[in-house]
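S.K.: So here's coords.cif (mmCIF, C-alpha atoms and all ligand atoms).
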```cif
data_final
#
loop_
_atom_site.label_atom_id
_atom_site.label_comp_id
_atom_site.auth_asym_id
_atom_site.auth_seq_id
_atom_site.Cartn_x
_atom_site.Cartn_y
_atom_site.Cartn_z
CA MET A 1 -1.80 -26.04 4.47
CA ILE A 2 -4.73 -24.49 2.57
CA LEU A 3 -4.94 -20.69 2.27
CA PRO A 4 -7.60 -18.61 0.52
CA GLY A 5 -6.74 -17.01 -2.85
CA LEU A 6 -4.48 -14.12 -1.88
CA ILE A 7 -4.80 -10.45 -2.87
CA ASP A 8 -1.86 -8.25 -3.85
CA ALA A 9 -3.13 -4.69 -3.49
CA HIS A 10 -0.09 -3.03 -5.09
CA VAL A 11 1.47 -4.23 -8.33
CA HIS A 12 2.85 -2.59 -11.47
CA LEU A 13 2.03 -4.74 -14.48
CA ARG A 14 3.56 -2.14 -16.85
CA ALA A 15 0.87 -2.37 -19.52
CA PRO A 16 0.21 -0.36 -21.55
CA GLY A 17 3.54 1.10 -22.61
CA GLY A 18 6.06 -1.01 -20.70
CA GLU A 19 5.37 -4.47 -22.10
CA HIS A 20 9.08 -5.27 -22.41
CA LYS A 21 9.15 -5.29 -18.57
CA GLU A 22 5.80 -7.03 -17.89
CA ASP A 23 2.30 -7.33 -19.32
CA PHE A 24 -1.04 -8.53 -18.01
CA ARG A 25 -0.33 -12.12 -19.12
CA SER A 26 3.18 -12.45 -17.62
CA GLY A 27 2.26 -10.40 -14.54
CA THR A 28 -0.77 -12.52 -13.73
CA ARG A 29 1.26 -15.70 -14.35
CA ALA A 30 3.68 -14.40 -11.72
CA ALA A 31 0.73 -13.61 -9.45
CA LEU A 32 -0.66 -17.15 -9.67
CA ALA A 33 2.79 -18.68 -9.17
CA GLY A 34 3.01 -16.58 -6.00
CA GLY A 35 -0.41 -17.61 -4.66
CA PHE A 36 -2.27 -14.42 -5.64
CA THR A 37 -5.63 -14.76 -7.40
CA THR A 38 -6.43 -11.03 -7.30
CA VAL A 39 -4.09 -8.12 -8.02
CA LEU A 40 -4.62 -4.35 -7.97
CA ALA A 41 -2.57 -2.68 -10.69
CA MET A 42 -1.08 0.81 -10.37
CA PRO A 43 -1.72 3.63 -12.87
CA ASN A 44 1.83 4.86 -13.66
CA THR A 45 1.76 3.27 -17.09
CA ARG A 46 2.39 4.93 -20.47
CA PRO A 47 0.04 6.65 -20.86
CA PRO A 48 -0.77 6.95 -17.15
CA LEU A 49 -4.35 6.09 -16.14
CA VAL A 50 -5.39 9.67 -15.39
CA SER A 51 -8.16 9.91 -18.00
CA VAL A 52 -11.17 7.78 -18.86
CA ASP A 53 -9.78 7.16 -22.36
CA ALA A 54 -6.46 5.82 -21.06
CA PHE A 55 -8.27 3.78 -18.42
CA ARG A 56 -10.52 2.14 -21.03
CA ILE A 57 -7.51 1.01 -23.09
CA ALA A 58 -5.79 -0.53 -20.06
CA GLN A 59 -9.00 -2.20 -18.89
CA LYS A 60 -9.45 -3.80 -22.30
CA LEU A 61 -5.91 -5.18 -22.21
CA ALA A 62 -6.39 -6.46 -18.67
CA ASN A 63 -9.67 -8.17 -19.55
CA SER A 64 -8.24 -9.94 -22.58
CA GLN A 65 -4.86 -11.04 -21.18
CA SER A 66 -5.18 -11.66 -17.45
CA LEU A 67 -5.12 -15.13 -15.90
CA CYS A 68 -6.43 -13.93 -12.53
CA ASP A 69 -8.65 -11.07 -11.35
CA VAL A 70 -7.11 -7.64 -12.02
CA PHE A 71 -8.46 -4.34 -10.73
CA LEU A 72 -6.99 -1.04 -11.92
CA TYR A 73 -6.22 2.11 -9.96
CA ALA A 74 -6.91 5.58 -11.34
CA GLY A 75 -4.05 8.05 -11.09
CA ALA A 76 -4.34 11.62 -9.84
CA SER A 77 -2.91 14.39 -11.98
CA ALA A 78 -3.29 18.15 -11.55
CA ASP A 79 -4.23 18.46 -15.24
CA HIS A 80 -7.02 15.85 -15.17
CA ILE A 81 -8.91 16.50 -11.94
CA ASP A 82 -12.19 16.88 -13.85
CA GLU A 83 -11.89 13.22 -14.99
CA LEU A 84 -11.86 11.86 -11.43
CA PRO A 85 -15.62 11.48 -10.82
CA ARG A 86 -15.97 9.41 -14.02
CA LEU A 87 -12.80 7.44 -13.27
CA ALA A 88 -14.17 6.65 -9.83
CA ASN A 89 -16.96 4.57 -11.42
CA ARG A 90 -14.37 2.31 -13.06
CA ALA A 91 -11.30 2.25 -10.81
CA VAL A 92 -10.80 0.21 -7.66
CA ALA A 93 -9.21 3.20 -5.88
CA LEU A 94 -7.31 6.42 -6.51
CA LYS A 95 -3.51 6.63 -6.31
CA ILE A 96 -1.83 9.93 -5.51
CA TYR A 97 1.96 10.18 -5.77
CA MET A 98 3.10 12.78 -3.24
CA ASP A 99 6.76 11.76 -3.45
CA ASP A 100 9.17 10.58 -6.12
CA THR A 101 8.69 7.29 -7.82
CA TYR A 102 9.09 5.66 -11.23
CA GLY A 103 7.27 7.86 -13.73
CA PRO A 104 6.08 11.45 -13.89
CA LEU A 105 2.86 11.18 -11.81
CA LYS A 106 3.69 13.49 -8.93
CA VAL A 107 1.14 15.84 -7.39
CA ARG A 108 2.42 19.01 -5.76
CA GLY A 109 0.74 21.62 -3.59
CA LEU A 110 -1.88 21.48 -0.85
CA GLY A 111 -4.49 23.23 -3.01
CA THR A 112 -4.18 20.58 -5.72
CA LEU A 113 -4.39 17.78 -3.14
CA GLU A 114 -7.54 19.32 -1.66
CA ARG A 115 -9.17 19.57 -5.10
CA ILE A 116 -8.30 15.94 -5.83
CA PHE A 117 -9.73 14.78 -2.49
CA ALA A 118 -12.90 16.80 -3.12
CA SER A 119 -13.35 15.24 -6.59
CA TRP A 120 -13.12 11.64 -5.38
CA PRO A 121 -16.25 9.95 -3.91
CA GLU A 122 -16.37 8.96 -0.26
CA ASN A 123 -17.10 5.30 -0.92
CA LYS A 124 -13.76 4.66 -2.64
CA LEU A 125 -10.31 4.63 -1.15
CA ILE A 126 -7.58 7.23 -1.71
CA CYS A 127 -4.12 5.64 -1.68
CA LEU A 128 -1.03 7.72 -1.10
CA HIS A 129 2.61 7.28 -1.97
CA ALA A 130 3.66 9.43 0.99
CA GLU A 131 7.05 9.47 2.67
CA GLU A 132 8.28 11.32 5.76
CA GLU A 133 6.51 14.73 6.04
CA SER A 134 4.02 13.71 3.36
CA VAL A 135 2.61 11.10 5.79
CA ALA A 136 1.69 13.95 8.13
CA VAL A 137 -0.01 15.75 5.24
CA GLY A 138 -1.94 12.56 4.42
CA VAL A 139 -3.04 12.14 8.04
CA ALA A 140 -4.15 15.78 8.10
CA LEU A 141 -6.15 15.34 4.87
CA ALA A 142 -7.87 12.28 6.36
CA ALA A 143 -8.67 14.31 9.49
CA VAL A 144 -10.03 17.30 7.56
CA THR A 145 -11.92 15.49 4.79
CA ARG A 146 -12.85 12.32 6.77
CA LYS A 147 -12.20 10.37 3.59
CA ASN A 148 -10.58 6.93 3.84
CA VAL A 149 -6.84 7.26 3.23
CA HIS A 150 -4.56 4.28 2.65
CA PHE A 151 -0.80 4.70 2.96
CA CYS A 152 1.16 2.59 0.48
CA HIS A 153 4.50 0.89 1.29
CA ILE A 154 5.26 2.52 4.66
CA SER A 155 8.96 2.02 5.39
CA ARG A 156 10.18 4.18 8.30
CA ARG A 157 9.75 4.11 12.08
CA GLU A 158 8.39 7.68 12.32
CA GLU A 159 5.87 6.96 9.57
CA ILE A 160 4.42 3.78 11.09
CA GLU A 161 4.33 5.42 14.52
CA MET A 162 2.46 8.43 13.14
CA ILE A 163 -0.09 6.16 11.47
CA ALA A 164 -0.48 4.19 14.71
CA PHE A 165 -1.24 7.47 16.48
CA ALA A 166 -3.70 8.56 13.76
CA LYS A 167 -5.52 5.22 14.14
CA SER A 168 -5.64 5.59 17.91
CA GLU A 169 -7.30 8.97 17.36
CA GLY A 170 -9.98 7.30 15.27
CA LEU A 171 -8.93 8.75 11.91
CA PRO A 172 -9.95 6.77 8.79
CA VAL A 173 -6.45 5.61 7.80
CA THR A 174 -5.01 2.22 6.84
CA CYS A 175 -1.55 1.21 5.66
CA GLU A 176 0.48 -1.43 3.90
CA VAL A 177 4.12 -2.51 4.01
CA THR A 178 6.15 -4.52 1.51
CA PRO A 179 8.26 -7.63 2.14
CA HIS A 180 11.39 -5.84 0.88
CA HIS A 181 11.02 -3.26 3.64
CA LEU A 182 10.45 -6.07 6.17
CA PHE A 183 13.34 -8.29 5.06
CA LEU A 184 16.02 -5.98 3.62
CA THR A 185 17.92 -3.00 4.96
CA TYR A 186 19.94 -0.18 3.51
CA GLU A 187 23.02 -2.43 3.75
CA ASP A 188 21.33 -4.99 1.49
CA GLY A 189 20.61 -2.11 -0.87
CA GLN A 190 24.31 -1.29 -0.99
CA ARG A 191 25.10 -4.88 -1.88
CA LEU A 192 22.32 -5.24 -4.44
CA GLY A 193 22.98 -1.91 -6.14
CA PRO A 194 20.28 -1.10 -8.74
CA TYR A 195 18.65 -4.46 -7.93
CA GLY A 196 17.93 -3.24 -4.41
CA ASP A 197 16.80 0.24 -5.44
CA MET A 198 13.11 1.13 -5.17
CA ARG A 199 10.85 3.89 -3.85
CA PRO A 200 10.62 4.17 -0.92
CA ARG A 201 14.24 3.08 -0.57
CA LEU A 202 15.46 0.39 1.81
CA GLN A 203 15.85 1.81 5.30
CA THR A 204 17.83 1.12 8.49
CA GLN A 205 17.58 -1.91 10.78
CA ASP A 206 15.74 0.28 13.29
CA ASP A 207 13.08 1.07 10.67
CA VAL A 208 12.76 -2.63 9.82
CA ASP A 209 12.39 -3.44 13.54
CA ALA A 210 9.66 -0.79 13.84
CA LEU A 211 7.64 -2.37 11.03
CA TRP A 212 7.84 -5.79 12.74
CA GLU A 213 6.75 -4.19 16.03
CA HIS A 214 3.54 -3.12 14.27
CA ILE A 215 2.92 -6.32 12.27
CA ASN A 216 0.01 -7.41 14.51
CA THR A 217 -1.49 -3.97 15.03
CA THR A 218 -0.96 -0.93 12.80
CA ILE A 219 -0.14 -2.74 9.55
CA ASP A 220 -3.29 -3.70 7.65
CA ILE A 221 -1.91 -5.16 4.44
CA ILE A 222 1.24 -6.77 3.06
CA SER A 223 1.60 -5.96 -0.63
CA SER A 224 4.50 -6.64 -2.96
CA ASP A 225 4.82 -3.32 -4.83
CA HIS A 226 5.85 -5.64 -7.69
CA ALA A 227 7.73 -3.21 -9.95
CA PRO A 228 9.73 -5.07 -12.61
CA HIS A 229 12.46 -3.58 -14.77
CA THR A 230 14.65 -5.57 -17.15
CA ARG A 231 18.27 -6.46 -16.41
CA GLU A 232 19.24 -4.28 -19.34
CA GLU A 233 17.61 -1.29 -17.64
CA LYS A 234 19.01 -2.12 -14.22
CA GLY A 235 22.58 -2.68 -15.44
CA PRO A 236 25.05 -5.46 -14.65
CA TRP A 237 24.02 -7.93 -11.98
CA PRO A 238 26.17 -7.40 -8.86
CA HIS A 239 29.13 -9.72 -8.43
CA PHE A 240 28.50 -12.08 -5.55
CA ASN A 241 27.90 -15.78 -5.25
CA GLU A 242 25.27 -17.64 -3.29
CA GLN A 243 27.46 -18.36 -0.27
CA THR A 244 28.16 -14.68 0.27
CA LEU A 245 24.83 -13.38 -0.94
CA TRP A 246 23.39 -12.59 2.46
CA ASP A 247 26.57 -11.30 4.08
CA ASN A 248 27.26 -7.60 3.98
CA LEU A 249 30.18 -7.75 1.61
CA GLU A 250 31.53 -5.05 -0.59
CA TYR A 251 30.60 -5.42 -4.18
CA GLU A 252 31.91 -4.03 -7.39
CA GLN A 253 30.61 -0.76 -8.67
CA TYR A 254 28.41 -0.70 -11.72
CA ASN A 255 28.80 0.83 -15.11
CA ILE A 256 25.59 2.21 -16.43
CA THR A 257 25.01 1.02 -19.97
CA ALA A 258 24.35 3.50 -22.73
CA SER A 259 20.94 2.02 -23.52
CA THR A 260 19.85 2.33 -19.89
CA ALA A 261 20.92 5.93 -19.74
CA PHE A 262 19.15 6.64 -23.00
CA SER A 263 15.73 5.31 -22.01
CA TYR A 264 16.06 6.90 -18.60
CA ASP A 265 16.96 10.29 -20.04
CA ARG A 266 14.01 10.29 -22.32
CA PHE A 267 11.29 9.52 -19.83
CA TRP A 268 12.38 10.08 -16.26
CA ARG A 269 14.98 12.84 -16.30
CA PRO A 270 12.62 15.36 -14.63
CA VAL A 271 12.03 12.99 -11.71
CA ALA A 272 15.73 12.21 -11.39
CA GLU A 273 16.62 15.89 -11.23
CA ASP A 274 14.28 16.23 -8.25
CA VAL A 275 15.76 13.23 -6.49
CA LYS A 276 19.26 14.59 -6.99
CA GLN A 277 18.50 17.56 -4.76
CA SER A 278 17.78 15.44 -1.72
CA GLU A 279 19.60 12.15 -2.04
CA PRO A 280 22.64 11.18 0.00
CA PRO A 281 25.85 10.91 -2.08
CA GLU A 282 26.09 7.11 -1.77
CA TYR A 283 23.02 6.79 -3.99
CA THR A 284 24.59 8.72 -6.84
CA LEU A 285 25.69 5.45 -8.39
CA HIS A 286 22.13 4.27 -8.99
CA ARG A 287 20.69 7.51 -10.26
CA SER A 288 20.60 6.39 -13.87
CA THR A 289 18.66 3.18 -13.35
CA PRO A 290 14.90 3.02 -12.81
CA PRO A 291 13.77 2.23 -9.22
CA GLY A 292 11.61 -0.81 -8.46
CA VAL A 293 11.93 -4.54 -7.81
CA PRO A 294 9.63 -7.49 -8.61
CA GLY A 295 7.82 -9.17 -5.71
CA LEU A 296 4.78 -11.21 -6.76
CA GLU A 297 6.61 -14.53 -6.51
CA SER A 298 8.62 -13.82 -3.34
CA THR A 299 5.98 -12.20 -1.10
CA LEU A 300 4.17 -15.33 0.09
CA PRO A 301 7.37 -17.43 0.50
CA LEU A 302 8.92 -14.63 2.60
CA MET A 303 5.82 -14.28 4.78
CA LEU A 304 5.55 -18.07 5.15
CA THR A 305 9.19 -18.03 6.27
CA ALA A 306 8.37 -15.37 8.86
CA ALA A 307 5.41 -17.47 10.06
CA ALA A 308 7.60 -20.60 10.27
CA GLN A 309 10.01 -18.55 12.40
CA LYS A 310 7.03 -17.45 14.56
CA ARG A 311 7.42 -13.76 13.74
CA LEU A 312 3.67 -13.76 13.00
CA THR A 313 0.94 -16.42 12.99
CA TYR A 314 -0.43 -18.08 9.85
CA GLU A 315 -3.83 -16.59 10.75
CA ARG A 316 -2.32 -13.11 10.78
CA LEU A 317 -0.60 -13.85 7.45
CA VAL A 318 -4.02 -14.59 5.90
CA GLU A 319 -5.48 -11.38 7.36
CA LEU A 320 -2.63 -9.31 5.89
CA LEU A 321 -2.66 -11.00 2.46
CA CYS A 322 -6.37 -11.61 1.96
CA ALA A 323 -9.03 -10.65 4.50
CA ASN A 324 -7.87 -7.09 5.14
CA PRO A 325 -7.26 -6.04 1.52
CA ARG A 326 -10.66 -7.54 0.59
CA ARG A 327 -12.38 -5.49 3.28
CA ILE A 328 -10.41 -2.25 2.81
CA PHE A 329 -10.76 -2.20 -1.00
CA ASN A 330 -14.27 -3.72 -0.91
CA LEU A 331 -13.36 -6.55 -3.31
CA PRO A 332 -15.73 -9.36 -4.28
CA GLU A 333 -15.32 -12.91 -2.95
CA GLN A 334 -13.84 -15.55 -5.26
CA HIS A 335 -15.72 -18.81 -4.90
CA ASP A 336 -14.02 -22.25 -5.08
CA THR A 337 -10.64 -20.54 -4.87
CA TRP A 338 -7.74 -21.64 -2.66
CA VAL A 339 -3.96 -21.96 -2.47
CA GLU A 340 -2.18 -25.07 -1.24
CA VAL A 341 1.21 -24.41 0.32
CA ASP A 342 3.92 -26.62 1.77
CA GLU A 343 4.67 -24.50 4.81
CA LYS A 344 7.58 -26.69 5.91
CA LEU A 345 9.56 -26.94 2.67
CA SER A 346 13.03 -25.39 3.05
CA TYR A 347 14.78 -24.34 -0.16
CA THR A 348 16.87 -21.69 -1.88
CA PHE A 349 14.70 -19.06 -3.61
CA PRO A 350 13.47 -19.29 -6.33
CA LEU A 351 12.20 -22.85 -6.21
CA HIS A 352 10.90 -22.63 -9.80
CA PRO A 353 11.89 -20.40 -12.73
CA LEU A 354 10.40 -16.93 -12.23
CA GLN A 355 7.33 -16.05 -14.30
CA THR A 356 7.80 -12.28 -14.20
CA LYS A 357 9.13 -11.04 -17.53
CA CYS A 358 12.08 -9.31 -15.85
CA GLY A 359 13.36 -12.71 -14.68
CA TRP A 360 15.20 -11.68 -11.50
CA SER A 361 14.50 -11.10 -7.82
CA PRO A 362 16.40 -9.27 -5.08
CA PHE A 363 15.76 -12.36 -2.93
CA GLU A 364 17.54 -14.82 -5.24
CA GLY A 365 19.74 -17.13 -3.19
CA MET A 366 17.89 -16.56 0.10
CA ARG A 367 16.99 -19.64 2.19
CA LEU A 368 13.20 -19.68 2.61
CA ILE A 369 10.65 -21.95 4.29
CA GLY A 370 7.29 -22.45 2.60
CA ALA A 371 6.26 -22.59 -1.06
CA VAL A 372 3.13 -22.62 -3.24
CA GLN A 373 2.15 -26.10 -4.40
CA SER A 374 -1.12 -25.53 -6.22
CA VAL A 375 -3.66 -22.79 -6.89
CA THR A 376 -7.31 -23.35 -7.72
CA LEU A 377 -9.26 -20.38 -9.11
CA ARG A 378 -13.05 -20.73 -9.38
CA GLY A 379 -12.78 -24.49 -9.42
CA ARG A 380 -10.01 -24.64 -12.05
CA LYS A 381 -6.51 -25.74 -11.16
CA VAL A 382 -4.20 -23.02 -12.49
CA VAL A 383 -0.98 -23.93 -10.64
CA LYS A 384 0.10 -27.55 -10.15
CA ASP A 385 3.32 -28.71 -8.42
CA GLY A 386 4.34 -25.05 -8.20
CA LEU A 387 4.09 -24.52 -11.97
CA VAL A 388 1.54 -22.33 -13.76
CA LEU A 389 -0.51 -24.42 -16.18
CA GLU A 390 -0.65 -23.24 -19.78
CA GLN A 391 -4.12 -24.69 -20.20
CA PRO A 392 -5.96 -24.54 -16.88
CA GLU A 393 -7.43 -27.95 -16.17
CA SER A 394 -10.80 -28.39 -14.55
CA ASP A 395 -10.41 -29.72 -11.04
CA ILE A 396 -14.10 -30.32 -10.58
CA ASN A 397 -15.88 -33.08 -12.54
ZN ZN A 401 4.35 1.06 -6.40
#
```
Please render this file's structure as structure tokens.
Ligand SMILES: [Zn+2]

M.R.:
Amino acid sequence: MILPGLIDAHVHLRAPGGEHKEDFRSGTRAALAGGFTTVLAMPNTRPPLVSVDAFRIAQKLANSQSLCDVFLYAGASADHIDELPRLANRAVALKIYMDDTYGPLKVRGLGTLERIFASWPENKLICLHAEEESVAVGVALAAVTRKNVHFCHISRREEIEMIAFAKSEGLPVTCEVTPHHLFLTYEDGQRLGPYGDMRPRLQTQDDVDALWEHINTTIDIISSDHAPHTREEKGPWPHFNEQTLWDNLEYEQYNITASTAFSYDRFWRPVAEDVKQSEPPEYTLHRSTPPGVPGLESTLPLMLTAAAQKRLTYERLVELLCANPRRIFNLPEQHDTWVEVDEKLSYTFPLHPLQTKCGWSPFEGMRLIGAVQSVTLRGRKVVKDGLVLEQPESDIN
């Protein structure tokens, strides 16, 4: 089956500042291996992309290292609101963190949010990390400002239902969900430990069911929220073997390594202190490891599996992974670009060694149906037999 070059509208490629986790070269290799020829990279780097100077440095890195098309988000920060109009000329969209995530980019206060909205032009999207009550705030801001608001990685029933209502009222809102919120629950998170910990967290089966109920209607985009961290940062891999991997078995508790605690202390302690106030006690175990899981190489195989199981059509899959993100983010067409998949191939994930620098996936050991065979980008074959080519070979002439 031939698909168009896919778009991942939400990835963290970690450069600059986190190159031991991922960089533009390894991240775009992972993208191509996963069937993505365009990725939109998030601004919570070190330094974060909240100023034109920081943005320029990241753009230069992206231009020189990327193997597929990369567009960068600008980040919103209360201290750099005056930079937003100039950032808007360069960035694909604005990201506002209203709730806790990896990194210190959190915006607080309605007044600050209103100033940020006012400083961003109408023709570019505002993307929100909003959970629970923050979704209502985002809907209200869309209603008041009439600016296009996109909700990232929606994960709960109440959230998707509120966005469905906002859409039915004609408000300019769109939303995305991730495969981990479609395929994993809180119980999987218990089993996976730090390797199943991300923001937003994994939710209940009822929340997962709600997302699937809206797969053909409210949900506009599937994006991976590819957020790699190294095994050293995440701690010991949980003890389970492949036979028991997808059963809800008890697993051993983890010891947080000194090096993990050290790097965490230095950079993310303020965020962790916030999380501590609200989190249920069962999460205490994972507090010292950074949240986030990779997803560039598992997203398409998972969605192909869902299509093979008739949970959505292949046409809808292409809308969610290509046509809709292109329209919503106003991205240019890529000519002579396509992805060849074997939609019937059944195998244990991953089929090939992972390209992401972190080298692991929460979906390891899962039986999946459908895999990338080749990718052609602007007439050049960049993936052949499922493997990313070191030297892209010309497919034409
Ligand atoms: Zn993210």

S.K.: I need the residue nearest Cys322 of chain A from this list: A:Val339, A:Ala164, A:Leu84, A:Ala210. Use all atoms listed in the file for the distance.

M.R.: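 Between A:Val339, A:Ala164, A:Leu84, A:Ala210, the residue approaching Cys322 of chain A most closely is A:Val339.
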
S.K.: What residues have any atom no more than 8 Å from ligand ZN 401 (chain A) when counting all atoms listed in the file, and can you list them as a list in words?

M.R.: His10, Val11, His12, Met42, Thr101, His129, Cys152, His153, Arg199, Asp225, His226, Ala227 and Gly292 of chain A

S.K.: A:Gly138, A:Trp120, A:Glu232, A:Gly34: which is nearest Pro301 of chain A, counting all atoms listed in the file?

M.R.: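 Of A:Gly138, A:Trp120, A:Glu232, A:Gly34, the one nearest Pro301 of chain A, counting all atoms listed in the file, is A:Gly34.
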
S.K.: Which polymer residues have any atom within 9 Å of an atom of Ala15 of chain A, counting only C-alpha atoms, with same-chain residues fewer than 2 positions away left out, as a list in words?

M.R.: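 Skipping anything fewer than 2 positions along the chain leaves His12, Leu13, Gly17, Gly18, Glu19, Lys21, Glu22, Asp23, Phe24, Thr45, Arg46, Ala58, Leu61 and Ala62 of chain A.
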
S.K.: Step by step: start from the point (1.1, -15.1, -14.4) in the file's coordinates, keep every protein, DNA or RNA residue that has an atom no farther than 8 Å from it, count all atoms listed in the file, and write the set as a PDB file with C-alpha atoms, in the coordinates of the input.

M.R.:
```pdb
ATOM      1  CA  PHE A  24      -1.040  -8.530 -18.010  1.00  0.00           C
ATOM      2  CA  ARG A  25      -0.330 -12.120 -19.120  1.00  0.00           C
ATOM      3  CA  SER A  26       3.180 -12.450 -17.620  1.00  0.00           C
ATOM      4  CA  GLY A  27       2.260 -10.400 -14.540  1.00  0.00           C
ATOM      5  CA  THR A  28      -0.770 -12.520 -13.730  1.00  0.00           C
ATOM      6  CA  ARG A  29       1.260 -15.700 -14.350  1.00  0.00           C
ATOM      7  CA  ALA A  30       3.680 -14.400 -11.720  1.00  0.00           C
ATOM      8  CA  ALA A  31       0.730 -13.610  -9.450  1.00  0.00           C
ATOM      9  CA  LEU A  32      -0.660 -17.150  -9.670  1.00  0.00           C
ATOM     10  CA  ALA A  33       2.790 -18.680  -9.170  1.00  0.00           C
ATOM     11  CA  SER A  66      -5.180 -11.660 -17.450  1.00  0.00           C
ATOM     12  CA  LEU A  67      -5.120 -15.130 -15.900  1.00  0.00           C
ATOM     13  CA  CYS A  68      -6.430 -13.930 -12.530  1.00  0.00           C
ATOM     14  CA  GLN A 355       7.330 -16.050 -14.300  1.00  0.00           C
ATOM     15  CA  THR A 356       7.800 -12.280 -14.200  1.00  0.00           C
ATOM     16  CA  VAL A 388       1.540 -22.330 -13.760  1.00  0.00           C
TER      17      VAL A 388
END
```

S.K.: Find the residues around Gly75 of chain A up to 7 Å (only C-alpha atoms counted), leave out those fewer than 6 positions away in its own chain, and share them as number ranges by chain.

M.R.: A: 43, 48-50, 94-96

S.K.: Atoms to include: C-alpha atoms. Write the selected residues as an mmCIF file, in the frame of the given file.

M.R.:
```
data_model
loop_
_atom_site.group_PDB
_atom_site.id
_atom_site.type_symbol
_atom_site.label_atom_id
_atom_site.label_comp_id
_atom_site.auth_asym_id
_atom_site.auth_seq_id
_atom_site.Cartn_x
_atom_site.Cartn_y
_atom_site.Cartn_z
ATOM 1 C CA PRO A 43 -1.720 3.630 -12.870
ATOM 2 C CA PRO A 48 -0.770 6.950 -17.150
ATOM 3 C CA LEU A 49 -4.350 6.090 -16.140
ATOM 4 C CA VAL A 50 -5.390 9.670 -15.390
ATOM 5 C CA LEU A 94 -7.310 6.420 -6.510
ATOM 6 C CA LYS A 95 -3.510 6.630 -6.310
ATOM 7 C CA ILE A 96 -1.830 9.930 -5.510
#
```

S.K.: Which protein, DNA or RNA residues have an atom at most 12 Å from (-10.9, 16.7, -6.6), counting all atoms listed in the file? List them as a ChimeraX atom specification.

M.R.: /A:75-88,94,96,110-122,126,145

S.K.: Could you check the closest approach to Asp69 of chain A for each of A:Pro200, A:Pro238, A:Gly359, A:Pro332 and tell me which residue wins, using all atoms listed in the file?

M.R.: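 Smallest separation from Asp69 of chain A among the options: A:Pro332.
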
S.K.: Specify the axis-aligned box that encloses all atoms of segment 46-54 of chain A listed in the file after padding of 5 Å on each side, stating its centre and edge lengths in Å to one decimal as lines of an AutoDock Vina configuration file.

M.R.:
```
center_x = -4.4
center_y = 7.4
center_z = -18.9
size_x = 23.6
size_y = 15.0
size_z = 17.0
```

S.K.: What's the separation between atom CA of Lys344 of chain A and atom CA of Asp209 of chain A, in Å to one decimal place?

M.R.: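 Interatomic distance here is 24.9 Å.
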
S.K.: Taking into account all atoms listed in the file, which residue in the set A:Asp100, A:Glu158, A:Glu319, A:Glu333 is nearest to Asp206 of chain A?

M.R.: A:Glu158

S.K.: How many Å separate atom CA of Glu169 of chain A from atom CA of Val139 of chain A?

M.R.: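 Between atom CA of Glu169 of chain A and atom CA of Val139 of chain A the gap works out to 10.7 Å.
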